[in-house]
Amino acid sequence: MPDEQLVVADYRAARNYAVGDGSLRELGGGVLAEHAGFLTLPHRDGSPAEWAFADDRSGSLVVGEPGGERRHPIAIPAEHLACDPAGRYVAVTTGAGAGTEPWSDVVTLVDLDAQAPVRFRVRTGEPGVMITPDQLSGDPVLVLRHREPGAIEAIALARAAAVGPHVPALRGALTGDVAEDGHGD
């Protein structure tokens with residue numbers, strides 16, 4: 001999705017559109033996880049992916065490309081989305097959905113090159129997520145912003161990508177001296 005396009009989502013009608021260059025084009029169908037929204041993916045050599053969103057009806061990450069879309073299974077309800085700077089990995093956290101309290105502790109990490117999602121459990125509570133290089137080593141790290149109580153958790157991306165089946169618990173280095181009021185980006 002080029003920067004000059006506007007994305008419009010009608011999650012109740014399960015329709016999503018891109019507006020730009022004087023045209024309106026329909027994007028991948030599905031029920032957009034409205035809190036997570038759309039994610040613009042970096043353009044990479046060998047990967048024409050442009051955008052991604054979580055489809056809360058089908059339980060899939062929809063990845064748009066010039067020739068169509070791909071779908072990858074994810075845990076829902078989707079709360080937050082993030083990708084690494086290279087655009088290879090997309091992380092999806094879960095939240096409350098139509099409920100009033102967060103109840104799911106599952107994070108899905110999708111390797112767009114291998115087309116292989118993995119799932120693991122963290123702490124319940126709608127964690128925000130980002131993937132960023134570690135300031136000391138430069139290795140990519142999955143960073144979760146927890147609330148209630150406030151904390152930031154860092155898990156090596158390679159460790160998260162290598163988890164086995166059956167949705168194991170995965171814990172990382174934890175900093176607990178942050179406010180409880182934030183989550184998200």
# chains A, B, ... in the order shown; residues from 1 in each chain; ligands from 1
$ closest_atom_pairs --of "range 74-149 of chain A" --to "range 19-43 of chain A" --cutoff "9 Å" --atoms "only C-alpha atoms" --output "JSON lines"
{"residue": "A:Ile76", "atom": "CA", "partner": "A:Ala33", "partner_atom": "CA", "distance": 8.8}
{"residue": "A:Pro77", "atom": "CA", "partner": "A:Ala33", "partner_atom": "CA", "distance": 7.3}
{"residue": "A:Ala78", "atom": "CA", "partner": "A:Ala33", "partner_atom": "CA", "distance": 5.9}
{"residue": "A:Glu79", "atom": "CA", "partner": "A:Ala36", "partner_atom": "CA", "distance": 5.0}
{"residue": "A:His80", "atom": "CA", "partner": "A:Ala36", "partner_atom": "CA", "distance": 4.5}
{"residue": "A:Leu81", "atom": "CA", "partner": "A:Ala36", "partner_atom": "CA", "distance": 5.9}
{"residue": "A:Ala82", "atom": "CA", "partner": "A:Leu39", "partner_atom": "CA", "distance": 7.2}
{"residue": "A:Cys83", "atom": "CA", "partner": "A:Leu41", "partner_atom": "CA", "distance": 7.2}
{"residue": "A:Asp84", "atom": "CA", "partner": "A:Pro42", "partner_atom": "CA", "distance": 8.9}
{"residue": "A:Pro85", "atom": "CA", "partner": "A:Pro42", "partner_atom": "CA", "distance": 7.1}
{"residue": "A:Ala86", "atom": "CA", "partner": "A:Pro42", "partner_atom": "CA", "distance": 6.6}
{"residue": "A:Gly87", "atom": "CA", "partner": "A:Pro42", "partner_atom": "CA", "distance": 5.2}
{"residue": "A:Arg88", "atom": "CA", "partner": "A:Leu41", "partner_atom": "CA", "distance": 8.9}
{"residue": "A:Val92", "atom": "CA", "partner": "A:Ala36", "partner_atom": "CA", "distance": 8.6}
{"residue": "A:Thr93", "atom": "CA", "partner": "A:Ala36", "partner_atom": "CA", "distance": 9.0}
{"residue": "A:Gly97", "atom": "CA", "partner": "A:Ala33", "partner_atom": "CA", "distance": 8.5}
$ residues_around --residues "Trp103 in chain A" --least-positions-apart "5" --cutoff "7 Å" --atoms "only C-alpha atoms" --output "VMD selection string"
chain A and resid 95 to 96 124
$ closest_residue --among "A:Thr132, A:Val167, A:Val7, A:Ala13" --to "Ala75 in chain A" --atoms "only C-alpha atoms"
A:Val167
$ select_by_dssp --residues "range 3-169 of chain A" --states "helix (DSSP H, G or I)" --output "list in words"
Leu157, Ala158, Arg159, Ala160 and Ala161 of chain A
$ residues_around --residues "Ala154 in chain A" --least-positions-apart "2" --cutoff "6 Å" --atoms "only C-alpha atoms" --output "VMD selection string"
chain A and resid 142 to 143 172 to 173
$ closest_residue --among "A:Val106, A:Arg171, A:Ala14, A:Leu112" --to "Ala52 in chain A" --atoms "only C-alpha atoms"
A:Leu112
$ select_by_dssp --residues "range 49-160 of chain A" --states "strand (DSSP E)" --output "PyMOL selection string"
chain A and resi 51-55+60-65+68-73+78-83+89-94+106-111+116-121+128-133+140-146+151-156
$ closest_residue --among "A:Glu126, A:Asp113, A:Glu180, A:Asp10" --to "Ala151 in chain A" --atoms "only C-alpha atoms"
A:Glu180
$ residues_around --residues "Asp105 in chain A" --least-positions-apart "6" --cutoff "7 Å" --atoms "only C-alpha atoms" --output "ChimeraX atom specification"
/A:94,121-124
$ residues_around --residues "Gly64 in chain A" --least-positions-apart "5" --cutoff "7 Å" --atoms "only C-alpha atoms" --output "ChimeraX atom specification"
/A:49-52,69-70
